$ cat work.cif   # mmCIF, C-alpha atoms
data_input
#
loop_
_atom_site.group_PDB
_atom_site.id
_atom_site.type_symbol
_atom_site.label_atom_id
_atom_site.label_comp_id
_atom_site.auth_asym_id
_atom_site.auth_seq_id
_atom_site.Cartn_x
_atom_site.Cartn_y
_atom_site.Cartn_z
ATOM 1 C CA MET A 10 14.643 20.565 5.014
ATOM 2 C CA THR A 11 18.172 20.919 3.764
ATOM 3 C CA SER A 12 19.749 23.519 1.567
ATOM 4 C CA GLY A 13 21.369 22.667 -1.720
ATOM 5 C CA SER A 14 24.833 22.315 -0.140
ATOM 6 C CA ASP A 15 23.845 20.042 2.758
ATOM 7 C CA LEU A 16 24.185 16.299 2.825
ATOM 8 C CA VAL A 17 20.869 14.508 2.300
ATOM 9 C CA SER A 18 20.124 11.001 3.525
ATOM 10 C CA LEU A 19 16.408 10.947 2.638
ATOM 11 C CA SER A 20 14.661 12.193 -0.490
ATOM 12 C CA ILE A 21 10.886 12.526 -0.270
ATOM 13 C CA LEU A 22 9.478 12.129 -3.775
ATOM 14 C CA MET A 23 6.036 13.518 -4.559
ATOM 15 C CA VAL A 24 3.906 13.635 -7.708
ATOM 16 C CA SER A 25 1.088 16.158 -7.829
ATOM 17 C CA TYR A 26 -1.932 16.168 -10.081
ATOM 18 C CA ASN A 27 -4.792 18.515 -9.232
ATOM 19 C CA ALA A 28 -4.356 18.121 -5.471
ATOM 20 C CA ALA A 29 -3.152 21.584 -4.433
ATOM 21 C CA ASP A 30 -4.874 21.667 -1.021
ATOM 22 C CA HIS A 31 -3.634 18.218 -0.018
ATOM 23 C CA LEU A 32 -0.158 19.013 -1.295
ATOM 24 C CA GLU A 33 0.063 22.217 0.732
ATOM 25 C CA ALA A 34 -1.085 20.455 3.911
ATOM 26 C CA THR A 35 1.472 17.663 3.484
ATOM 27 C CA LEU A 36 4.344 20.008 2.644
ATOM 28 C CA ARG A 37 3.580 22.161 5.675
ATOM 29 C CA SER A 38 3.524 19.081 7.907
ATOM 30 C CA LEU A 39 6.939 18.065 6.551
ATOM 31 C CA ARG A 40 8.238 21.450 7.623
ATOM 32 C CA GLY A 41 6.751 20.939 11.071
ATOM 33 C CA SER A 42 5.681 18.014 13.230
ATOM 34 C CA ALA A 43 6.051 15.334 10.543
ATOM 35 C CA ALA A 44 9.649 16.244 9.632
ATOM 36 C CA PRO A 45 12.037 13.290 9.880
ATOM 37 C CA SER A 46 15.186 13.454 11.994
ATOM 38 C CA ASP A 47 17.447 12.683 9.035
ATOM 39 C CA PRO A 48 18.608 15.487 6.740
ATOM 40 C CA PHE A 49 16.072 15.399 3.932
ATOM 41 C CA GLU A 50 14.846 17.046 0.784
ATOM 42 C CA VAL A 51 11.410 17.186 -0.795
ATOM 43 C CA LEU A 52 11.137 16.993 -4.576
ATOM 44 C CA VAL A 53 7.884 17.436 -6.490
ATOM 45 C CA THR A 54 6.999 16.655 -10.079
ATOM 46 C CA ASP A 55 3.713 18.180 -11.166
ATOM 47 C CA ASN A 56 1.815 16.311 -13.881
ATOM 48 C CA GLY A 57 0.147 19.289 -15.527
ATOM 49 C CA SER A 58 -2.162 20.261 -12.657
ATOM 50 C CA ALA A 59 -4.832 22.828 -13.450
ATOM 51 C CA ASP A 60 -5.437 23.840 -9.814
ATOM 52 C CA GLY A 61 -2.154 25.584 -9.049
ATOM 53 C CA ALA A 62 -0.472 22.650 -7.310
ATOM 54 C CA ALA A 63 2.879 23.433 -8.934
ATOM 55 C CA ASP A 64 2.640 27.028 -7.722
ATOM 56 C CA VAL A 65 1.977 25.794 -4.185
ATOM 57 C CA ALA A 66 5.012 23.519 -4.318
ATOM 58 C CA GLU A 67 7.282 26.255 -5.641
ATOM 59 C CA ARG A 68 6.100 28.698 -2.988
ATOM 60 C CA LEU A 69 6.879 26.267 -0.175
ATOM 61 C CA LEU A 70 9.955 24.495 -1.589
ATOM 62 C CA GLY A 71 11.501 26.868 -4.113
ATOM 63 C CA THR A 72 11.611 26.481 -7.876
ATOM 64 C CA GLY A 73 14.629 24.173 -7.808
ATOM 65 C CA ALA A 74 12.668 21.438 -6.021
ATOM 66 C CA VAL A 75 9.787 21.395 -8.497
ATOM 67 C CA GLU A 76 9.595 20.115 -12.053
ATOM 68 C CA ARG A 77 6.563 21.029 -14.125
ATOM 69 C CA MET A 78 5.309 18.589 -16.709
ATOM 70 C CA HIS A 79 2.880 20.012 -19.237
ATOM 71 C CA ARG A 80 0.485 17.057 -19.126
ATOM 72 C CA ASN A 81 -0.237 13.906 -17.146
ATOM 73 C CA THR A 82 2.732 11.689 -17.933
ATOM 74 C CA GLY A 83 1.659 8.970 -15.502
ATOM 75 C CA PHE A 84 2.586 8.249 -11.904
ATOM 76 C CA GLY A 85 5.426 5.806 -12.560
ATOM 77 C CA PHE A 86 7.092 8.005 -15.151
ATOM 78 C CA ALA A 87 6.853 11.074 -12.900
ATOM 79 C CA VAL A 88 8.286 9.234 -9.881
ATOM 80 C CA ASN A 89 11.171 7.925 -11.970
ATOM 81 C CA ARG A 90 11.785 11.441 -13.206
ATOM 82 C CA THR A 91 11.795 12.766 -9.643
ATOM 83 C CA ALA A 92 14.148 10.027 -8.454
ATOM 84 C CA LYS A 93 16.733 11.060 -11.018
ATOM 85 C CA ARG A 94 16.992 14.436 -9.258
ATOM 86 C CA ALA A 95 17.208 12.928 -5.772
ATOM 87 C CA ARG A 96 20.363 13.007 -3.637
ATOM 88 C CA GLY A 97 19.335 10.798 -0.711
ATOM 89 C CA ASP A 98 20.348 7.250 0.130
ATOM 90 C CA TYR A 99 16.683 6.487 0.796
ATOM 91 C CA PHE A 100 13.586 7.425 -1.165
ATOM 92 C CA LEU A 101 10.155 7.924 0.394
ATOM 93 C CA LEU A 102 7.350 7.949 -2.167
ATOM 94 C CA LEU A 103 4.618 10.070 -0.643
ATOM 95 C CA ASN A 104 1.249 11.036 -2.117
ATOM 96 C CA PRO A 105 0.011 14.609 -1.628
ATOM 97 C CA ASP A 106 -3.019 13.274 0.267
ATOM 98 C CA ALA A 107 -0.924 11.096 2.601
ATOM 99 C CA HIS A 108 -0.120 13.114 5.729
ATOM 100 C CA PRO A 109 2.565 11.449 7.895
ATOM 101 C CA LYS A 110 2.051 11.524 11.648
ATOM 102 C CA PRO A 111 4.914 12.764 13.868
ATOM 103 C CA GLY A 112 7.648 10.135 13.970
ATOM 104 C CA ALA A 113 6.179 8.074 11.120
ATOM 105 C CA ILE A 114 9.019 8.594 8.664
ATOM 106 C CA ASP A 115 11.648 7.925 11.348
ATOM 107 C CA ALA A 116 9.860 4.678 12.255
ATOM 108 C CA ALA A 117 9.895 3.449 8.654
ATOM 109 C CA LEU A 118 13.566 4.360 8.251
ATOM 110 C CA ALA A 119 14.437 2.507 11.460
ATOM 111 C CA VAL A 120 12.831 -0.687 10.173
ATOM 112 C CA LEU A 121 14.516 -0.540 6.777
ATOM 113 C CA ARG A 122 17.914 0.165 8.318
ATOM 114 C CA ALA A 123 17.550 -2.647 10.844
ATOM 115 C CA ARG A 124 16.244 -5.103 8.234
ATOM 116 C CA PRO A 125 17.624 -4.109 4.828
ATOM 117 C CA ARG A 126 16.441 -7.385 3.271
ATOM 118 C CA THR A 127 12.883 -6.154 3.573
ATOM 119 C CA GLY A 128 13.785 -3.906 0.642
ATOM 120 C CA ILE A 129 10.564 -1.893 0.861
ATOM 121 C CA VAL A 130 8.733 -0.597 3.947
ATOM 122 C CA GLY A 131 5.236 0.822 4.190
ATOM 123 C CA GLY A 132 3.181 2.364 6.973
ATOM 124 C CA ARG A 133 -0.169 2.106 8.666
ATOM 125 C CA CYS A 134 -2.828 4.216 7.001
ATOM 126 C CA VAL A 135 -5.724 5.763 8.932
ATOM 127 C CA THR A 136 -8.699 7.899 7.943
ATOM 128 C CA PRO A 137 -9.177 11.471 9.202
ATOM 129 C CA ASP A 138 -11.395 9.934 11.927
ATOM 130 C CA GLY A 139 -8.541 7.706 13.085
ATOM 131 C CA GLU A 140 -10.022 4.473 11.727
ATOM 132 C CA LEU A 141 -7.913 1.976 9.847
ATOM 133 C CA ASP A 142 -7.645 2.493 6.100
ATOM 134 C CA PRO A 143 -6.340 -0.907 4.928
ATOM 135 C CA ARG A 144 -5.040 0.342 1.590
ATOM 136 C CA SER A 145 -1.453 0.895 2.756
ATOM 137 C CA CYS A 146 -0.707 -2.691 1.721
ATOM 138 C CA PHE A 147 -2.439 -5.664 0.164
ATOM 139 C CA GLY A 148 -1.975 -9.183 -1.128
ATOM 140 C CA ARG A 149 -0.850 -10.013 -4.602
ATOM 141 C CA ILE A 150 -3.234 -10.840 -7.428
ATOM 142 C CA THR A 151 -3.697 -14.607 -7.736
ATOM 143 C CA ALA A 152 -5.951 -16.908 -9.725
ATOM 144 C CA TRP A 153 -7.953 -17.482 -6.539
ATOM 145 C CA SER A 154 -8.343 -13.779 -5.719
ATOM 146 C CA LEU A 155 -9.499 -13.148 -9.289
ATOM 147 C CA THR A 156 -11.999 -16.014 -9.037
ATOM 148 C CA CYS A 157 -13.397 -14.531 -5.823
ATOM 149 C CA GLY A 158 -13.660 -11.141 -7.496
ATOM 150 C CA MET A 159 -15.324 -12.599 -10.588
ATOM 151 C CA LEU A 160 -17.980 -14.422 -8.544
ATOM 152 C CA GLY A 161 -18.570 -11.489 -6.212
ATOM 153 C CA LEU A 162 -17.298 -13.377 -3.158
ATOM 154 C CA SER A 163 -14.792 -10.657 -2.309
ATOM 155 C CA SER A 164 -17.666 -8.137 -2.252
ATOM 156 C CA VAL A 165 -20.027 -10.292 -0.208
ATOM 157 C CA PHE A 166 -17.332 -11.389 2.258
ATOM 158 C CA ARG A 167 -15.266 -8.221 2.511
ATOM 159 C CA ARG A 168 -12.065 -8.506 4.549
ATOM 160 C CA SER A 169 -12.335 -12.302 4.561
ATOM 161 C CA ALA A 170 -8.909 -13.923 4.526
ATOM 162 C CA VAL A 171 -10.336 -16.705 2.350
ATOM 163 C CA PHE A 172 -12.720 -14.955 -0.032
ATOM 164 C CA ASP A 173 -11.108 -11.512 -0.149
ATOM 165 C CA PRO A 174 -7.425 -12.470 0.086
ATOM 166 C CA GLU A 175 -6.002 -9.286 -1.427
ATOM 167 C CA SER A 176 -7.421 -7.325 1.533
ATOM 168 C CA LEU A 177 -5.305 -9.422 3.962
ATOM 169 C CA GLY A 178 -8.313 -10.257 6.099
ATOM 170 C CA GLY A 179 -9.049 -8.456 9.348
ATOM 171 C CA TRP A 180 -5.439 -7.605 10.134
ATOM 172 C CA GLN A 181 -5.326 -4.096 11.581
ATOM 173 C CA ARG A 182 -1.805 -3.336 10.289
ATOM 174 C CA ASP A 183 -0.812 -3.052 13.943
ATOM 175 C CA ASP A 184 2.215 -5.335 13.960
ATOM 176 C CA GLN A 185 5.256 -5.628 11.753
ATOM 177 C CA ARG A 186 4.894 -8.370 9.200
ATOM 178 C CA PRO A 187 5.824 -9.128 5.586
ATOM 179 C CA VAL A 188 3.280 -8.300 2.902
ATOM 180 C CA ASP A 189 3.116 -8.831 -0.838
ATOM 181 C CA VAL A 190 2.489 -5.242 -1.887
ATOM 182 C CA ILE A 191 3.177 -1.826 -0.353
ATOM 183 C CA SER A 192 1.071 1.055 -1.652
ATOM 184 C CA GLY A 193 2.960 3.677 -3.623
ATOM 185 C CA GLY A 194 1.293 6.375 -1.533
ATOM 186 C CA PHE A 195 3.754 5.808 1.347
ATOM 187 C CA LEU A 196 6.611 3.599 0.244
ATOM 188 C CA LEU A 197 10.182 3.691 1.575
ATOM 189 C CA ILE A 198 13.001 2.113 -0.397
ATOM 190 C CA SER A 199 16.767 2.504 -0.469
ATOM 191 C CA ARG A 200 18.397 4.122 -3.465
ATOM 192 C CA GLU A 201 20.417 0.935 -3.998
ATOM 193 C CA THR A 202 17.300 -1.247 -4.170
ATOM 194 C CA TRP A 203 15.443 1.280 -6.344
ATOM 195 C CA GLU A 204 18.272 1.375 -8.850
ATOM 196 C CA ARG A 205 18.637 -2.394 -8.793
ATOM 197 C CA LEU A 206 14.955 -2.709 -9.686
ATOM 198 C CA GLY A 207 15.166 0.044 -12.284
ATOM 199 C CA GLY A 208 12.430 2.050 -10.576
ATOM 200 C CA PHE A 209 8.835 1.829 -11.704
ATOM 201 C CA ASP A 210 7.859 0.128 -14.946
ATOM 202 C CA GLU A 211 6.665 3.063 -17.043
ATOM 203 C CA THR A 212 4.270 0.833 -18.962
ATOM 204 C CA TYR A 213 1.856 1.595 -16.117
ATOM 205 C CA LEU A 214 0.167 4.976 -16.370
ATOM 206 C CA ILE A 215 -1.429 4.612 -12.926
ATOM 207 C CA TYR A 216 -2.512 1.717 -10.677
ATOM 208 C CA GLY A 217 -0.497 -1.492 -10.497
ATOM 209 C CA GLU A 218 3.015 -0.054 -10.682
ATOM 210 C CA ASP A 219 3.492 -0.493 -6.925
ATOM 211 C CA GLN A 220 2.415 -4.136 -7.110
ATOM 212 C CA ASP A 221 4.764 -4.730 -10.027
ATOM 213 C CA LEU A 222 7.672 -3.111 -8.135
ATOM 214 C CA CYS A 223 7.067 -5.164 -4.989
ATOM 215 C CA LEU A 224 6.684 -8.428 -6.896
ATOM 216 C CA ARG A 225 9.922 -7.774 -8.755
ATOM 217 C CA ALA A 226 11.588 -7.024 -5.412
ATOM 218 C CA ALA A 227 10.286 -10.304 -3.970
ATOM 219 C CA ALA A 228 11.677 -12.154 -6.996
ATOM 220 C CA LEU A 229 15.112 -10.815 -6.010
ATOM 221 C CA GLY A 230 14.736 -12.120 -2.466
ATOM 222 C CA PHE A 231 13.410 -9.023 -0.707
ATOM 223 C CA SER A 232 10.495 -9.229 1.735
ATOM 224 C CA PRO A 233 8.489 -5.961 1.890
ATOM 225 C CA CYS A 234 6.898 -5.233 5.239
ATOM 226 C CA ILE A 235 4.694 -2.832 7.163
ATOM 227 C CA ALA A 236 6.017 -0.716 10.045
ATOM 228 C CA PRO A 237 2.933 -0.148 12.251
ATOM 229 C CA SER A 238 4.463 2.901 13.967
ATOM 230 C CA ALA A 239 4.852 4.594 10.592
ATOM 231 C CA GLU A 240 1.324 5.963 10.660
ATOM 232 C CA PHE A 241 -0.081 8.354 8.106
ATOM 233 C CA GLU A 242 -3.490 9.815 7.432
ATOM 234 C CA HIS A 243 -5.137 9.419 4.064
ATOM 235 C CA ALA A 244 -7.213 12.444 3.170
ATOM 236 C CA VAL A 245 -9.849 11.158 0.768
ATOM 237 C CA GLY A 246 -10.903 13.369 -2.087
ATOM 238 C CA ALA A 247 -8.048 13.865 -4.550
ATOM 239 C CA SER A 248 -9.143 11.214 -7.053
ATOM 240 C CA SER A 249 -11.714 11.148 -9.841
ATOM 241 C CA SER A 250 -15.330 11.590 -8.809
ATOM 242 C CA HIS A 251 -16.568 9.447 -11.723
ATOM 243 C CA ARG A 252 -16.526 5.853 -10.486
ATOM 244 C CA ALA A 253 -16.622 4.228 -13.928
ATOM 245 C CA ASP A 254 -13.589 6.245 -15.027
ATOM 246 C CA ARG A 255 -11.670 5.107 -11.969
ATOM 247 C CA ASP A 256 -12.797 1.497 -12.468
ATOM 248 C CA VAL A 257 -11.408 1.559 -15.995
ATOM 249 C CA LEU A 258 -8.035 2.813 -14.755
ATOM 250 C CA VAL A 259 -7.878 0.276 -11.931
ATOM 251 C CA LEU A 260 -8.815 -2.600 -14.237
ATOM 252 C CA THR A 261 -6.212 -1.517 -16.775
ATOM 253 C CA GLY A 262 -3.588 -1.686 -14.048
ATOM 254 C CA ARG A 263 -4.821 -5.064 -12.825
ATOM 255 C CA ALA A 264 -4.798 -6.481 -16.344
ATOM 256 C CA THR A 265 -1.195 -5.299 -16.738
ATOM 257 C CA VAL A 266 -0.176 -7.011 -13.495
ATOM 258 C CA VAL A 267 -1.941 -10.200 -14.589
ATOM 259 C CA LYS A 268 -0.112 -10.186 -17.912
ATOM 260 C CA GLY A 269 3.239 -9.591 -16.259
ATOM 261 C CA HIS A 270 3.094 -11.678 -13.085
ATOM 262 C CA LEU A 271 0.362 -14.319 -13.176
ATOM 263 C CA ARG A 272 1.222 -17.742 -14.530
ATOM 264 C CA GLN A 273 -2.444 -18.358 -15.389
ATOM 265 C CA ARG A 274 -2.494 -15.250 -17.555
ATOM 266 C CA ARG A 275 -5.326 -16.237 -19.895
ATOM 267 C CA TYR A 276 -7.560 -17.278 -17.047
ATOM 268 C CA GLY A 277 -6.744 -14.090 -15.140
ATOM 269 C CA LEU A 278 -7.761 -11.847 -18.029
ATOM 270 C CA PHE A 279 -10.909 -13.927 -18.540
ATOM 271 C CA ALA A 280 -11.793 -13.579 -14.850
ATOM 272 C CA LEU A 281 -11.417 -9.809 -15.006
ATOM 273 C CA ARG A 282 -13.707 -9.571 -18.044
ATOM 274 C CA ALA A 283 -16.233 -12.057 -16.682
ATOM 275 C CA GLY A 284 -16.399 -10.261 -13.336
ATOM 276 C CA VAL A 285 -17.304 -6.973 -15.005
ATOM 277 C CA ALA A 286 -19.820 -8.672 -17.310
ATOM 278 C CA LEU A 287 -21.575 -10.372 -14.377
ATOM 279 C CA ARG A 288 -21.742 -7.089 -12.464
ATOM 280 C CA ALA A 289 -23.206 -5.329 -15.491
ATOM 281 C CA VAL A 290 -25.898 -8.013 -15.829
ATOM 282 C CA ALA A 291 -26.721 -7.875 -12.122
ATOM 283 C CA GLU A 292 -26.869 -4.098 -12.300
ATOM 284 C CA ARG A 293 -29.459 -4.215 -15.062
ATOM 285 C CA LEU A 294 -31.530 -6.896 -13.352
ATOM 286 C CA LEU A 295 -31.629 -4.853 -10.166
ATOM 287 C CA GLY A 296 -32.393 -1.635 -11.994
ATOM 288 C CA LYS A 297 -29.187 0.030 -10.840
ATOM 289 C CA GLY A 298 -26.330 1.564 -12.711
ATOM 290 C CA PRO A 299 -25.042 2.307 -15.175
ATOM 291 C CA ARG A 300 -21.575 2.035 -13.567
ATOM 292 C CA TRP A 301 -20.631 -1.514 -14.565
ATOM 293 C CA SER A 302 -22.498 -1.383 -17.852
ATOM 294 C CA GLU A 303 -20.314 1.548 -18.816
ATOM 295 C CA VAL A 304 -17.154 -0.243 -17.689
ATOM 296 C CA TRP A 305 -18.162 -3.273 -19.764
ATOM 297 C CA ARG A 306 -18.875 -1.073 -22.768
ATOM 298 C CA ARG A 307 -15.357 0.324 -22.408
ATOM 299 C CA ARG A 308 -13.674 -3.073 -22.021
ATOM 300 C CA ALA A 309 -11.399 -2.474 -25.019
ATOM 301 C CA GLU A 310 -9.761 0.277 -22.957
ATOM 302 C CA TRP A 311 -8.741 -1.947 -20.034
ATOM 303 C CA SER A 312 -8.827 -5.641 -20.947
ATOM 304 C CA GLY A 313 -5.409 -5.640 -22.618
ATOM 305 C CA GLY A 314 -3.598 -3.645 -19.947
ATOM 306 C CA TRP A 315 -1.625 -0.428 -20.315
ATOM 307 C CA GLY A 316 0.677 -1.803 -22.989
ATOM 308 C CA ALA A 317 -2.289 -2.251 -25.324
ATOM 309 C CA ARG A 318 -3.498 1.342 -25.004
ATOM 310 C CA PRO A 319 -2.332 3.800 -27.671
ATOM 311 C CA ASP A 320 -4.265 6.701 -26.143
ATOM 312 C CA PHE A 321 -1.584 7.957 -23.787
ATOM 313 C CA LEU A 322 2.068 8.906 -24.134
ATOM 314 C CA ARG A 323 4.692 7.662 -21.713
ATOM 315 C CA SER A 324 7.266 10.383 -22.116
ATOM 316 C CA ALA A 325 7.397 14.111 -21.490
#
$ encode --input "work.cif" --output "structure tokens"
Amino acid sequence: MTSGSDLVSLSILMVSYNAADHLEATLRSLRGSAAPSDPFEVLVTDNGSADGAADVAERLLGTGAVERMHRNTGFGFAVNRTAKRARGDYFLLLNPDAHPKPGAIDAALAVLRARPRTGIVGGRCVTPDGELDPRSCFGRITAWSLTCGMLGLSSVFRRSAVFDPESLGGWQRDDQRPVDVISGGFLLISRETWERLGGFDETYLIYGEDQDLCLRAAALGFSPCIAPSAEFEHAVGASSSHRADRDVLVLTGRATVVKGHLRQRRYGLFALRAGVALRAVAERLLGKGPRWSEVWRRRAEWSGGWGARPDFLRSA
């Protein structure tokens, strides 16, 4: 890592929220085997963690690299805030629970430099056991993908290119190819492109902001892609343990994407609501639950997207 007076070509931007152990592991790897060849800096914005994550970051990076927020301001807002402090020509958005393998960051940089019209480059995500974790990229939300989700086809035929199109089928993320959406957990973008896009849309508290960014990039002629040699390990366990709570957040993000990017907006929002309703009915008939019943009961929280929710603040 560079000192304050050194030139920086890469800024690694991290947002922490109650993930101290993952954050420490990732920061230590960036000081060791996962360090890129380019001069780089690591900047952390902590969203009001209660587990000492900000203290961990300050101990390993110094106080100047860490900004403490006093509450959860949202992922997009915190990344934008971090980017304003960055000095690099390239930004790597990296989650605390995403541990880059040796050479991964260099591989992503090489692809973006060789093909700047990609605009955004992601990596290949694996589990701690070395198995593919497909969530490093995915297909865009479409009327068809929402129909498959509503009818349960994407659950019955998981990883089907036809009935689960957002999963991108059985592709192992083992060759370089364009994709609709790069996950914000490992996302490389040039400063120029980031500023041209205006960063993340801060309407999104969490979930969906990466899809929105990539779709806006595609509208400008960029073609995001995966670099298979940019491999990173996703350490599961930093998210909410309450599935219904997470479902509500994910659906709020999906509804926001639908409202902003889907031409069949009314149908898309209907499909989201109908899919949850059908799952809640099936859950009751099968004597399971009450996951989807709770999500349906809380539909006012997610069905209008983030812009319709007055229960969170978007600024520090």
$ closest_residue --input "work.cif" --among "A:Trp153, A:Tyr26, A:Phe172, A:Trp203" --to "Gly97 in chain A" --atoms "all atoms listed in the file"
A:Trp203
$ resolve_selection --input "work.cif" --expression "the PyMOL selection byres ((chain A and resi 213-219) around 10)" --output "PyMOL selection string"
chain A and resi 81-87+146+190-194+196+208-212+220-225+255+258-267+314-316+321-323
$ axis_aligned_box --input "work.cif" --around "range 275-291 of chain A" --padding-each-side "4 Å" --output "lines of an AutoDock Vina configuration file"
center_x = -16.0
center_y = -11.3
center_z = -16.0
size_x = 29.4
size_y = 19.9
size_z = 15.8
$ resolve_selection --input "work.cif" --expression "the PyMOL selection byres ((chain A and resi 23) around 8)" --output "ChimeraX atom specification"
/A:21-22,24-25,51-54,88,91,102-105
$ residues_around --input "work.cif" --residues "range 57-67 of chain A" --least-positions-apart "2" --cutoff "6 Å" --atoms "only C-alpha atoms" --output "list in words"
Tyr26, Asn27, Ala29, Asp55, Leu69, Leu70, Gly71, Thr72, Met78, His79, Arg80 and Asn81 of chain A
$ atom_distance --input "work.cif" --atom1 "CA of Ala44 in chain A" --atom2 "CA of Ala74 in chain A"
16.8 Å
$ atom_distance --input "work.cif" --atom1 "CA of Trp311 in chain A" --atom2 "CA of Asp254 in chain A"
10.8 Å
$ resolve_selection --input "work.cif" --expression "the PyMOL selection byres ((chain A and resi 137-140) around 8)" --output "ChimeraX atom specification"
/A:135-136,141-142,242-244
$ atom_distance --input "work.cif" --atom1 "CA of Ala28 in chain A" --atom2 "CA of Arg200 in chain A"
26.8 Å
$ residues_around --input "work.cif" --residues "range 160-164 of chain A" --least-positions-apart "6" --cutoff "8 Å" --atoms "all atoms listed in the file" --output "list in words"
Ser154, Phe172, Asp173, Pro174, Gly284 and Leu287 of chain A
$ closest_residue --input "work.cif" --among "A:Arg122, A:Arg252, A:Arg37, A:Arg167" --to "Trp301 in chain A" --atoms "all atoms listed in the file"
A:Arg252
$ closest_residue --input "work.cif" --among "A:Gly298, A:Pro45, A:Gly179, A:Gly277" --to "Gly112 in chain A" --atoms "only C-alpha atoms"
A:Pro45
$ closest_residue --input "work.cif" --among "A:Asn56, A:Ser145, A:Ser20, A:Thr156" --to "Val130 in chain A" --atoms "all atoms listed in the file"
A:Ser145
$ closest_residue --input "work.cif" --among "A:Val75, A:Ala116, A:Leu197, A:Ala107" --to "Asp30 in chain A" --atoms "all atoms listed in the file"
A:Ala107
$ closest_residue --input "work.cif" --among "A:Gly73, A:Gly148, A:Gly158, A:Gly128" --to "Ala227 in chain A" --atoms "all atoms listed in the file"
A:Gly128
$ decode --input "work.cif" --residues "range 213-265 of chain A" --atoms "C-alpha atoms" --output "compact mmCIF listing (two decimals), in the first residue's frame"
# COMPACT_ATOMS: atom_id res chain seq x y z
CA TYR A 213 -30.85 2.38 -3.52
CA LEU A 214 -30.12 1.61 0.11
CA ILE A 215 -28.82 -1.88 -0.73
CA TYR A 216 -29.39 -4.44 -3.51
CA GLY A 217 -29.91 -3.35 -7.11
CA GLU A 218 -27.45 -0.46 -7.26
CA ASP A 219 -24.91 -2.60 -9.12
CA GLN A 220 -27.51 -3.63 -11.70
CA ASP A 221 -28.56 -0.02 -12.15
CA LEU A 222 -24.93 1.08 -12.63
CA CYS A 223 -24.20 -1.63 -15.20
CA LEU A 224 -27.40 -0.98 -17.14
CA ARG A 225 -26.63 2.73 -17.27
CA ALA A 226 -23.12 1.86 -18.47
CA ALA A 227 -24.55 -0.37 -21.21
CA ALA A 228 -26.84 2.47 -22.30
CA LEU A 229 -23.68 4.54 -22.91
CA GLY A 230 -22.18 1.81 -25.08
CA PHE A 231 -20.05 -0.03 -22.53
CA SER A 232 -20.03 -3.84 -22.35
CA PRO A 233 -19.25 -5.13 -18.83
CA CYS A 234 -17.43 -8.44 -18.72
CA ILE A 235 -16.02 -11.13 -16.45
CA ALA A 236 -12.28 -11.81 -16.20
CA PRO A 237 -12.09 -15.51 -15.22
CA SER A 238 -8.54 -15.19 -13.86
CA ALA A 239 -9.72 -12.53 -11.42
CA GLU A 240 -10.79 -15.09 -8.85
CA PHE A 241 -11.98 -14.25 -5.37
CA GLU A 242 -13.44 -16.23 -2.51
CA HIS A 243 -16.77 -15.30 -1.01
CA ALA A 244 -16.86 -15.98 2.70
CA VAL A 245 -20.52 -16.52 3.52
CA GLY A 246 -21.83 -15.23 6.80
CA ALA A 247 -21.75 -11.43 6.91
CA SER A 248 -25.40 -10.87 5.98
CA SER A 249 -28.64 -10.99 7.93
CA SER A 250 -29.59 -14.33 9.43
CA HIS A 251 -33.33 -13.56 9.13
CA ARG A 252 -34.36 -14.69 5.64
CA ALA A 253 -37.58 -12.67 5.50
CA ASP A 254 -35.69 -9.48 6.34
CA ARG A 255 -33.23 -10.14 3.54
CA ASP A 256 -36.05 -11.01 1.12
CA VAL A 257 -37.67 -7.66 1.82
CA LEU A 258 -34.43 -5.81 1.08
CA VAL A 259 -33.78 -7.79 -2.10
CA LEU A 260 -37.33 -7.26 -3.36
CA THR A 261 -37.12 -3.54 -2.63
CA GLY A 262 -34.01 -3.37 -4.78
CA ARG A 263 -35.60 -5.42 -7.56
CA ALA A 264 -38.70 -3.24 -7.55
CA THR A 265 -36.48 -0.16 -7.89
